[in-house]
>>> print(open('entry_12.cif').read())   # mmCIF, C-alpha atoms and all ligand atoms
data_final
loop_
_atom_site.group_PDB
_atom_site.id
_atom_site.type_symbol
_atom_site.label_atom_id
_atom_site.label_comp_id
_atom_site.auth_asym_id
_atom_site.auth_seq_id
_atom_site.Cartn_x
_atom_site.Cartn_y
_atom_site.Cartn_z
ATOM 1 C CA MET A 1 14.971 11.283 0.405
ATOM 2 C CA SER A 2 16.302 8.604 2.686
ATOM 3 C CA ASN A 3 13.908 7.954 5.508
ATOM 4 C CA ILE A 4 11.255 5.759 3.941
ATOM 5 C CA GLY A 5 9.001 3.036 5.344
ATOM 6 C CA ILE A 6 6.771 0.417 3.720
ATOM 7 C CA VAL A 7 3.923 -1.260 5.580
ATOM 8 C CA TYR A 8 1.233 -3.562 4.246
ATOM 9 C CA ALA A 9 -1.885 -5.420 5.309
ATOM 10 C CA THR A 10 -2.934 -8.467 3.357
ATOM 11 C CA MET A 11 -5.622 -11.126 3.212
ATOM 12 C CA THR A 12 -4.591 -13.044 0.083
ATOM 13 C CA LYS A 13 -0.906 -11.995 -0.197
ATOM 14 C CA HIS A 14 -1.212 -9.521 -3.085
ATOM 15 C CA SER A 15 -0.258 -6.565 -0.911
ATOM 16 C CA ALA A 16 2.713 -8.520 0.440
ATOM 17 C CA LYS A 17 3.833 -9.187 -3.136
ATOM 18 C CA LEU A 18 3.534 -5.514 -4.086
ATOM 19 C CA ALA A 19 5.142 -4.255 -0.865
ATOM 20 C CA ASN A 20 8.035 -6.712 -1.057
ATOM 21 C CA ALA A 21 8.743 -5.759 -4.683
ATOM 22 C CA ILE A 22 8.808 -2.088 -3.678
ATOM 23 C CA GLY A 23 11.044 -2.999 -0.751
ATOM 24 C CA ARG A 24 13.501 -4.813 -3.008
ATOM 25 C CA ALA A 25 13.650 -1.842 -5.382
ATOM 26 C CA LEU A 26 14.220 0.644 -2.562
ATOM 27 C CA GLN A 27 16.394 -1.752 -0.556
ATOM 28 C CA LEU A 28 14.060 -1.585 2.419
ATOM 29 C CA GLN A 29 12.208 -4.214 4.422
ATOM 30 C CA ALA A 30 8.448 -4.088 3.882
ATOM 31 C CA GLU A 31 6.659 -4.734 7.178
ATOM 32 C CA ASP A 32 3.385 -6.573 7.786
ATOM 33 C CA ILE A 33 1.192 -4.459 10.075
ATOM 34 C CA LYS A 34 0.329 -7.609 12.026
ATOM 35 C CA ASN A 35 3.853 -7.338 13.486
ATOM 36 C CA GLY A 36 3.102 -3.790 14.679
ATOM 37 C CA PRO A 37 5.891 -1.935 12.843
ATOM 38 C CA GLN A 38 6.833 1.376 14.477
ATOM 39 C CA CYS A 39 6.822 4.432 12.234
ATOM 40 C CA LYS A 40 8.478 7.582 13.504
ATOM 41 C CA GLY A 41 9.700 10.682 11.712
ATOM 42 C CA LEU A 42 9.621 9.137 8.244
ATOM 43 C CA ASP A 43 9.899 11.368 5.194
ATOM 44 C CA LEU A 44 7.680 9.028 3.229
ATOM 45 C CA LEU A 45 5.608 5.990 4.192
ATOM 46 C CA PHE A 46 4.096 3.587 1.667
ATOM 47 C CA ILE A 47 0.892 1.928 2.872
ATOM 48 C CA VAL A 48 -0.005 -1.085 0.741
ATOM 49 C CA GLY A 49 -3.441 -2.698 0.989
ATOM 50 C CA GLY A 50 -6.408 -4.237 -0.793
ATOM 51 C CA ILE A 51 -10.123 -3.458 -0.700
ATOM 52 C CA TYR A 52 -12.691 -5.830 0.858
ATOM 53 C CA GLY A 53 -16.402 -5.099 0.572
ATOM 54 C CA GLY A 54 -15.463 -1.572 -0.451
ATOM 55 C CA GLN A 55 -13.253 -0.976 2.594
ATOM 56 C CA SER A 56 -9.683 -1.398 3.727
ATOM 57 C CA LYS A 57 -8.881 -4.294 6.031
ATOM 58 C CA PRO A 58 -10.191 -3.359 9.535
ATOM 59 C CA GLU A 59 -6.766 -4.190 11.029
ATOM 60 C CA LEU A 60 -5.142 -1.672 8.683
ATOM 61 C CA LEU A 61 -7.644 1.016 9.677
ATOM 62 C CA GLU A 62 -6.867 0.290 13.343
ATOM 63 C CA TYR A 63 -3.139 0.478 12.641
ATOM 64 C CA VAL A 64 -3.485 3.818 10.862
ATOM 65 C CA LYS A 65 -5.699 5.115 13.702
ATOM 66 C CA GLY A 66 -2.854 4.312 16.076
ATOM 67 C CA LEU A 67 -0.199 6.154 14.057
ATOM 68 C CA ASP A 68 1.286 9.234 15.622
ATOM 69 C CA SER A 69 0.899 12.460 13.647
ATOM 70 C CA GLN A 70 4.716 12.563 13.532
ATOM 71 C CA ALA A 71 4.916 9.023 12.104
ATOM 72 C CA ALA A 72 5.507 10.302 8.586
ATOM 73 C CA LYS A 73 5.529 13.616 6.788
ATOM 74 C CA ARG A 74 3.950 12.114 3.720
ATOM 75 C CA VAL A 75 2.166 8.887 2.815
ATOM 76 C CA ALA A 76 1.729 7.238 -0.571
ATOM 77 C CA LEU A 77 -0.965 4.572 -0.949
ATOM 78 C CA VAL A 78 -0.508 1.450 -3.057
ATOM 79 C CA THR A 79 -3.806 -0.330 -3.588
ATOM 80 C CA SER A 80 -4.989 -3.438 -5.406
ATOM 81 C CA CYS A 81 -8.647 -4.316 -5.946
ATOM 82 C CA THR A 82 -10.648 -6.232 -8.528
ATOM 83 C CA SER A 83 -12.479 -3.099 -9.679
ATOM 84 C CA ASN A 84 -9.122 -1.404 -10.360
ATOM 85 C CA LYS A 85 -10.885 1.757 -9.194
ATOM 86 C CA GLN A 86 -11.466 1.765 -5.457
ATOM 87 C CA GLY A 87 -8.912 3.610 -3.373
ATOM 88 C CA GLN A 88 -8.075 3.345 0.319
ATOM 89 C CA GLU A 89 -10.498 6.126 1.243
ATOM 90 C CA GLY A 90 -10.781 5.175 4.912
ATOM 91 C CA VAL A 91 -7.008 5.169 5.328
ATOM 92 C CA ARG A 92 -6.753 8.469 3.496
ATOM 93 C CA ALA A 93 -9.402 10.092 5.742
ATOM 94 C CA LEU A 94 -7.669 8.919 8.922
ATOM 95 C CA LEU A 95 -4.307 10.249 7.740
ATOM 96 C CA THR A 96 -5.808 13.566 6.709
ATOM 97 C CA GLU A 97 -7.401 13.905 10.173
ATOM 98 C CA LYS A 98 -3.935 13.498 11.660
ATOM 99 C CA GLY A 99 -2.484 16.134 9.360
ATOM 100 C CA ILE A 100 -0.414 13.564 7.438
ATOM 101 C CA GLN A 101 -0.388 14.414 3.763
ATOM 102 C CA VAL A 102 -1.352 11.687 1.283
ATOM 103 C CA VAL A 103 0.707 12.576 -1.759
ATOM 104 C CA ASP A 104 -0.540 10.039 -4.275
ATOM 105 C CA GLU A 105 -2.235 6.672 -4.698
ATOM 106 C CA PHE A 106 -1.357 3.914 -7.123
ATOM 107 C CA ILE A 107 -4.212 1.521 -7.897
ATOM 108 C CA CYS A 108 -3.911 -1.753 -9.793
ATOM 109 C CA ARG A 109 -6.121 -4.751 -10.373
ATOM 110 C CA GLY A 110 -6.294 -7.486 -7.765
ATOM 111 C CA SER A 111 -8.221 -10.739 -8.025
ATOM 112 C CA PHE A 112 -10.919 -12.502 -6.095
ATOM 113 C CA LEU A 113 -12.459 -15.805 -7.194
ATOM 114 C CA PHE A 114 -12.895 -15.539 -10.988
ATOM 115 C CA MET A 115 -12.562 -11.743 -11.052
ATOM 116 C CA GLY A 116 -9.245 -10.330 -12.236
ATOM 117 C CA PHE A 117 -7.573 -13.731 -12.346
ATOM 118 C CA GLY A 118 -3.773 -13.468 -12.251
ATOM 119 C CA HIS A 119 -3.680 -9.898 -10.929
ATOM 120 C CA PRO A 120 -1.666 -8.247 -9.615
ATOM 121 C CA ASN A 121 0.515 -9.596 -12.417
ATOM 122 C CA ARG A 122 4.078 -8.831 -13.357
ATOM 123 C CA ALA A 123 3.150 -5.607 -15.162
ATOM 124 C CA ASP A 124 1.083 -4.452 -12.161
ATOM 125 C CA VAL A 125 4.027 -5.105 -9.848
ATOM 126 C CA GLU A 126 6.425 -3.284 -12.176
ATOM 127 C CA ASN A 127 4.085 -0.312 -12.364
ATOM 128 C CA ALA A 128 3.802 -0.211 -8.576
ATOM 129 C CA VAL A 129 7.591 -0.300 -8.275
ATOM 130 C CA ARG A 130 7.936 2.458 -10.853
ATOM 131 C CA PHE A 131 5.403 4.574 -8.924
ATOM 132 C CA ALA A 132 7.294 4.030 -5.678
ATOM 133 C CA CYS A 133 10.727 4.677 -7.180
ATOM 134 C CA SER A 134 9.590 7.878 -8.753
ATOM 135 C CA LEU A 135 8.148 9.113 -5.444
ATOM 136 C CA ALA A 136 11.255 8.016 -3.604
ATOM 137 C CA GLY A 137 13.328 10.035 -5.998
ATOM 138 C CA LYS A 138 15.036 7.046 -7.553
ATOM 139 C CA ALA A 139 15.450 6.671 -11.250
ATOM 140 C CA GLY A 140 14.059 3.581 -12.961
ATOM 141 C CA ILE A 141 13.635 0.115 -11.543
ATOM 142 C CA PRO A 142 16.234 -2.578 -11.083
ATOM 143 C CA ALA A 143 16.599 -5.162 -13.847
HETATM 144 C C1 LIG B 1 -13.248 -11.039 0.889
HETATM 145 C C2 LIG B 1 -12.813 -10.148 -0.253
HETATM 146 C C3 LIG B 1 -13.573 -9.023 -0.569
HETATM 147 C C4 LIG B 1 -13.189 -8.190 -1.635
HETATM 148 N N1 LIG B 1 -13.932 -7.079 -1.936
HETATM 149 C C5 LIG B 1 -13.542 -6.259 -2.932
HETATM 150 C C6 LIG B 1 -14.274 -5.065 -3.223
HETATM 151 O O1 LIG B 1 -15.236 -4.711 -2.566
HETATM 152 N N2 LIG B 1 -13.864 -4.300 -4.284
HETATM 153 C C7 LIG B 1 -12.781 -4.637 -5.042
HETATM 154 O O2 LIG B 1 -12.469 -3.917 -5.989
HETATM 155 N N3 LIG B 1 -12.026 -5.734 -4.751
HETATM 156 C C8 LIG B 1 -12.384 -6.549 -3.720
HETATM 157 N N4 LIG B 1 -11.636 -7.655 -3.400
HETATM 158 C C9 LIG B 1 -10.385 -7.911 -4.132
HETATM 159 C C10 LIG B 1 -9.158 -7.490 -3.332
HETATM 160 O O3 LIG B 1 -9.219 -6.111 -2.961
HETATM 161 C C11 LIG B 1 -7.883 -7.701 -4.167
HETATM 162 O O4 LIG B 1 -7.783 -9.023 -4.613
HETATM 163 C C12 LIG B 1 -6.639 -7.341 -3.420
HETATM 164 O O5 LIG B 1 -5.541 -7.498 -4.294
HETATM 165 C C13 LIG B 1 -6.437 -8.192 -2.187
HETATM 166 O O6 LIG B 1 -5.237 -7.822 -1.550
HETATM 167 P P1 LIG B 1 -4.528 -8.828 -0.532
HETATM 168 O O7 LIG B 1 -4.216 -10.088 -1.291
HETATM 169 O O8 LIG B 1 -3.324 -8.121 -0.083
HETATM 170 O O9 LIG B 1 -5.481 -9.102 0.579
HETATM 171 C C14 LIG B 1 -12.008 -8.496 -2.371
HETATM 172 C C15 LIG B 1 -11.245 -9.632 -2.029
HETATM 173 C C16 LIG B 1 -11.628 -10.439 -0.978
HETATM 174 C C17 LIG B 1 -10.783 -11.635 -0.634
#
>>> encode(input="entry_12.cif", output="structure tokens", more="lines below")
Ligand SMILES: Cc1cc2nc3c(=O)[nH]c(=O)nc-3n(C[C@H](O)[C@H](O)[C@H](O)COP(=O)(O)O)c2cc1C
Amino acid sequence: MSNIGIVYATMTKHSAKLANAIGRALQLQAEDIKNGPQCKGLDLLFIVGGIYGGQSKPELLEYVKGLDSQAAKRVALVTSCTSNKQGQEGVRALLTEKGIQVVDEFICRGSFLFMGFGHPNRADVENAVRFACSLAGKAGIPA
């Protein structure tokens, strides 16, 4: 597995933190969707985002709507939210409509106001990196 991309959308920087940690582990540059990263013919694309009022960021949904069906063979979702339960269902539905397979989703706790203070914390980030490395076919995480 060599052709991997990482994109994220963020409101309070948690997704940037998770995406950048995954990028460091895989030696790839994580890209903010606000810069309109191009995805084409990827083997695997990580989409990193939070949940706001039960939904993904509207800009992320628009970005995913605009993806070509050949953008990636497979997508893995990396999600943070205070409930530690809600997935990126809207993103998943849009990808499925395009025939892009969503292979797995990692969900960790985020924080908003007093809820989930400190998350995603170091352990959350390490778990996200472990998830990504295992999907990318890499053993372990860097020290
Ligand atoms: C305006 C706002 C609304 C949110 N709504 C939800 C929600 O409905 N459910 C939930 O589990 N988390 C919710 N959260 C928490 C975020 O999903 C969580 O903190 C996430 O890590 C944010 O990612 P980001 O920093 O990349 O934007 C909300 C956060 C904000 C700022």
>>> residues_around(input="entry_12.cif", residues="Glu59 in chain A", least_positions_apart="2", cutoff="9 Å", atoms="all atoms listed in the file", output="list in words")
Ala9, Ile33, Lys34, Ser56, Lys57, Leu61, Glu62, Tyr63 and Val64 of chain A
>>> resolve_selection(input="entry_12.cif", expression="the PyMOL selection byres (((not hetatm)) within 6 of (chain B and resi 1))", output="PyMOL selection string")
chain A and resi 10-15+49-54+80-83+86+110-112
>>> atom_distance(input="entry_12.cif", atom1="CA of Cys133 in chain A", atom2="CA of Val7 in chain A")
15.6 Å
>>> atom_distance(input="entry_12.cif", atom1="CA of Lys85 in chain A", atom2="CA of Ser134 in chain A")
21.4 Å
>>> resolve_selection(input="entry_12.cif", expression="the PyMOL selection byres (((chain A and resi 19-28) around 10) and not hetatm)", output="PDB file with C-alpha atoms, in the frame of the given file")
ATOM      1  CA  SER A   2      16.302   8.604   2.686  1.00  0.00           C
ATOM      2  CA  ILE A   4      11.255   5.759   3.941  1.00  0.00           C
ATOM      3  CA  GLY A   5       9.001   3.036   5.344  1.00  0.00           C
ATOM      4  CA  ILE A   6       6.771   0.417   3.720  1.00  0.00           C
ATOM      5  CA  VAL A   7       3.923  -1.260   5.580  1.00  0.00           C
ATOM      6  CA  TYR A   8       1.233  -3.562   4.246  1.00  0.00           C
ATOM      7  CA  ALA A   9      -1.885  -5.420   5.309  1.00  0.00           C
ATOM      8  CA  LYS A  13      -0.906 -11.995  -0.197  1.00  0.00           C
ATOM      9  CA  HIS A  14      -1.212  -9.521  -3.085  1.00  0.00           C
ATOM     10  CA  SER A  15      -0.258  -6.565  -0.911  1.00  0.00           C
ATOM     11  CA  ALA A  16       2.713  -8.520   0.440  1.00  0.00           C
ATOM     12  CA  LYS A  17       3.833  -9.187  -3.136  1.00  0.00           C
ATOM     13  CA  LEU A  18       3.534  -5.514  -4.086  1.00  0.00           C
ATOM     14  CA  GLN A  29      12.208  -4.214   4.422  1.00  0.00           C
ATOM     15  CA  ALA A  30       8.448  -4.088   3.882  1.00  0.00           C
ATOM     16  CA  GLU A  31       6.659  -4.734   7.178  1.00  0.00           C
ATOM     17  CA  ASP A  32       3.385  -6.573   7.786  1.00  0.00           C
ATOM     18  CA  PHE A  46       4.096   3.587   1.667  1.00  0.00           C
ATOM     19  CA  ILE A  47       0.892   1.928   2.872  1.00  0.00           C
ATOM     20  CA  VAL A  48      -0.005  -1.085   0.741  1.00  0.00           C
ATOM     21  CA  GLY A  49      -3.441  -2.698   0.989  1.00  0.00           C
ATOM     22  CA  VAL A  78      -0.508   1.450  -3.057  1.00  0.00           C
ATOM     23  CA  VAL A 125       4.027  -5.105  -9.848  1.00  0.00           C
ATOM     24  CA  GLU A 126       6.425  -3.284 -12.176  1.00  0.00           C
ATOM     25  CA  ALA A 128       3.802  -0.211  -8.576  1.00  0.00           C
ATOM     26  CA  VAL A 129       7.591  -0.300  -8.275  1.00  0.00           C
ATOM     27  CA  ARG A 130       7.936   2.458 -10.853  1.00  0.00           C
ATOM     28  CA  PHE A 131       5.403   4.574  -8.924  1.00  0.00           C
ATOM     29  CA  ALA A 132       7.294   4.030  -5.678  1.00  0.00           C
ATOM     30  CA  CYS A 133      10.727   4.677  -7.180  1.00  0.00           C
ATOM     31  CA  ALA A 136      11.255   8.016  -3.604  1.00  0.00           C
ATOM     32  CA  LYS A 138      15.036   7.046  -7.553  1.00  0.00           C
ATOM     33  CA  GLY A 140      14.059   3.581 -12.961  1.00  0.00           C
ATOM     34  CA  ILE A 141      13.635   0.115 -11.543  1.00  0.00           C
ATOM     35  CA  PRO A 142      16.234  -2.578 -11.083  1.00  0.00           C
ATOM     36  CA  ALA A 143      16.599  -5.162 -13.847  1.00  0.00           C
TER      37      ALA A 143
END
>>> residues_near_point(input="entry_12.cif", point="(-4.9, 7.9, 3.7)", cutoff="7 Å", atoms="all atoms listed in the file", output="JSON, numbers by chain")
{"A": [77, 88, 89, 90, 91, 92, 93, 94, 95, 96, 102]}
>>> write_last_selection(input="entry_12.cif", atoms="C-alpha atoms", output="mmCIF file, in the coordinates of the input")
data_model
loop_
_atom_site.group_PDB
_atom_site.id
_atom_site.type_symbol
_atom_site.label_atom_id
_atom_site.label_comp_id
_atom_site.auth_asym_id
_atom_site.auth_seq_id
_atom_site.Cartn_x
_atom_site.Cartn_y
_atom_site.Cartn_z
ATOM 1 C CA LEU A 77 -0.965 4.572 -0.949
ATOM 2 C CA GLN A 88 -8.075 3.345 0.319
ATOM 3 C CA GLU A 89 -10.498 6.126 1.243
ATOM 4 C CA GLY A 90 -10.781 5.175 4.912
ATOM 5 C CA VAL A 91 -7.008 5.169 5.328
ATOM 6 C CA ARG A 92 -6.753 8.469 3.496
ATOM 7 C CA ALA A 93 -9.402 10.092 5.742
ATOM 8 C CA LEU A 94 -7.669 8.919 8.922
ATOM 9 C CA LEU A 95 -4.307 10.249 7.740
ATOM 10 C CA THR A 96 -5.808 13.566 6.709
ATOM 11 C CA VAL A 102 -1.352 11.687 1.283
#
>>> atom_distance(input="entry_12.cif", atom1="CA of Gln38 in chain A", atom2="CA of Arg74 in chain A")
15.5 Å
>>> closest_residue(input="entry_12.cif", among="A:Ala71, A:Leu135, A:Leu113, A:Leu45", to="Gly99 in chain A", atoms="all atoms listed in the file")
A:Ala71
>>> axis_aligned_box(input="entry_12.cif", around="range 102-121 of chain A", padding_each_side="6 Å", output="AutoDock Vina command-line options")
--center_x -6.1 --center_y -1.6 --center_z -5.6 --size_x 25.6 --size_y 40.4 --size_z 25.7
>>> closest_residue(input="entry_12.cif", among="A:Gln55, A:Asn35, A:Asn127, A:Gln101", to="Gly87 in chain A", atoms="only C-alpha atoms")
A:Gln55
>>> build_atoms(input="entry_12.cif", residues="range 102-119 of chain A", atoms="N, CA and C atoms", output="PDB file, keeping the file's coordinate frame")
ATOM      1  N   VAL A 102      -1.383  12.824   2.209  1.00  0.00           N
ATOM      2  CA  VAL A 102      -1.352  11.687   1.283  1.00  0.00           C
ATOM      3  C   VAL A 102      -0.997  12.254  -0.095  1.00  0.00           C
ATOM      4  N   VAL A 103       0.204  11.914  -0.550  1.00  0.00           N
ATOM      5  CA  VAL A 103       0.707  12.576  -1.759  1.00  0.00           C
ATOM      6  C   VAL A 103       0.160  11.976  -3.044  1.00  0.00           C
ATOM      7  N   ASP A 104      -0.075  10.671  -3.035  1.00  0.00           N
ATOM      8  CA  ASP A 104      -0.540  10.039  -4.275  1.00  0.00           C
ATOM      9  C   ASP A 104      -1.028   8.636  -3.946  1.00  0.00           C
ATOM     10  N   GLU A 105      -1.790   8.066  -4.867  1.00  0.00           N
ATOM     11  CA  GLU A 105      -2.235   6.672  -4.698  1.00  0.00           C
ATOM     12  C   GLU A 105      -2.090   5.946  -6.030  1.00  0.00           C
ATOM     13  N   PHE A 106      -1.469   4.798  -5.958  1.00  0.00           N
ATOM     14  CA  PHE A 106      -1.357   3.914  -7.123  1.00  0.00           C
ATOM     15  C   PHE A 106      -2.410   2.827  -6.944  1.00  0.00           C
ATOM     16  N   ILE A 107      -3.196   2.583  -7.973  1.00  0.00           N
ATOM     17  CA  ILE A 107      -4.212   1.521  -7.897  1.00  0.00           C
ATOM     18  C   ILE A 107      -4.003   0.543  -9.051  1.00  0.00           C
ATOM     19  N   CYS A 108      -3.962  -0.737  -8.728  1.00  0.00           N
ATOM     20  CA  CYS A 108      -3.911  -1.753  -9.793  1.00  0.00           C
ATOM     21  C   CYS A 108      -4.952  -2.820  -9.514  1.00  0.00           C
ATOM     22  N   ARG A 109      -5.116  -3.706 -10.489  1.00  0.00           N
ATOM     23  CA  ARG A 109      -6.121  -4.751 -10.373  1.00  0.00           C
ATOM     24  C   ARG A 109      -5.647  -5.862  -9.437  1.00  0.00           C
ATOM     25  N   GLY A 110      -6.544  -6.302  -8.580  1.00  0.00           N
ATOM     26  CA  GLY A 110      -6.294  -7.486  -7.765  1.00  0.00           C
ATOM     27  C   GLY A 110      -7.151  -8.613  -8.316  1.00  0.00           C
ATOM     28  N   SER A 111      -7.361  -9.655  -7.554  1.00  0.00           N
ATOM     29  CA  SER A 111      -8.221 -10.739  -8.025  1.00  0.00           C
ATOM     30  C   SER A 111      -8.928 -11.386  -6.842  1.00  0.00           C
ATOM     31  N   PHE A 112     -10.127 -11.820  -7.115  1.00  0.00           N
ATOM     32  CA  PHE A 112     -10.919 -12.502  -6.095  1.00  0.00           C
ATOM     33  C   PHE A 112     -11.829 -13.483  -6.832  1.00  0.00           C
ATOM     34  N   LEU A 113     -11.730 -14.751  -6.493  1.00  0.00           N
ATOM     35  CA  LEU A 113     -12.459 -15.805  -7.194  1.00  0.00           C
ATOM     36  C   LEU A 113     -12.159 -15.706  -8.690  1.00  0.00           C
ATOM     37  N   PHE A 114     -13.168 -15.588  -9.541  1.00  0.00           N
ATOM     38  CA  PHE A 114     -12.895 -15.539 -10.988  1.00  0.00           C
ATOM     39  C   PHE A 114     -12.598 -14.124 -11.494  1.00  0.00           C
ATOM     40  N   MET A 115     -12.733 -13.135 -10.609  1.00  0.00           N
ATOM     41  CA  MET A 115     -12.562 -11.743 -11.052  1.00  0.00           C
ATOM     42  C   MET A 115     -11.091 -11.344 -11.035  1.00  0.00           C
ATOM     43  N   GLY A 116     -10.619 -10.855 -12.159  1.00  0.00           N
ATOM     44  CA  GLY A 116      -9.245 -10.330 -12.236  1.00  0.00           C
ATOM     45  C   GLY A 116      -8.178 -11.397 -12.103  1.00  0.00           C
ATOM     46  N   PHE A 117      -8.492 -12.604 -12.545  1.00  0.00           N
ATOM     47  CA  PHE A 117      -7.573 -13.731 -12.346  1.00  0.00           C
ATOM     48  C   PHE A 117      -6.144 -13.384 -12.780  1.00  0.00           C
ATOM     49  N   GLY A 118      -5.192 -13.698 -11.921  1.00  0.00           N
ATOM     50  CA  GLY A 118      -3.773 -13.468 -12.251  1.00  0.00           C
ATOM     51  C   GLY A 118      -3.242 -12.113 -11.801  1.00  0.00           C
ATOM     52  N   HIS A 119      -4.121 -11.225 -11.380  1.00  0.00           N
ATOM     53  CA  HIS A 119      -3.680  -9.898 -10.929  1.00  0.00           C
ATOM     54  C   HIS A 119      -3.506  -9.892  -9.410  1.00  0.00           C
TER      55      HIS A 119
END
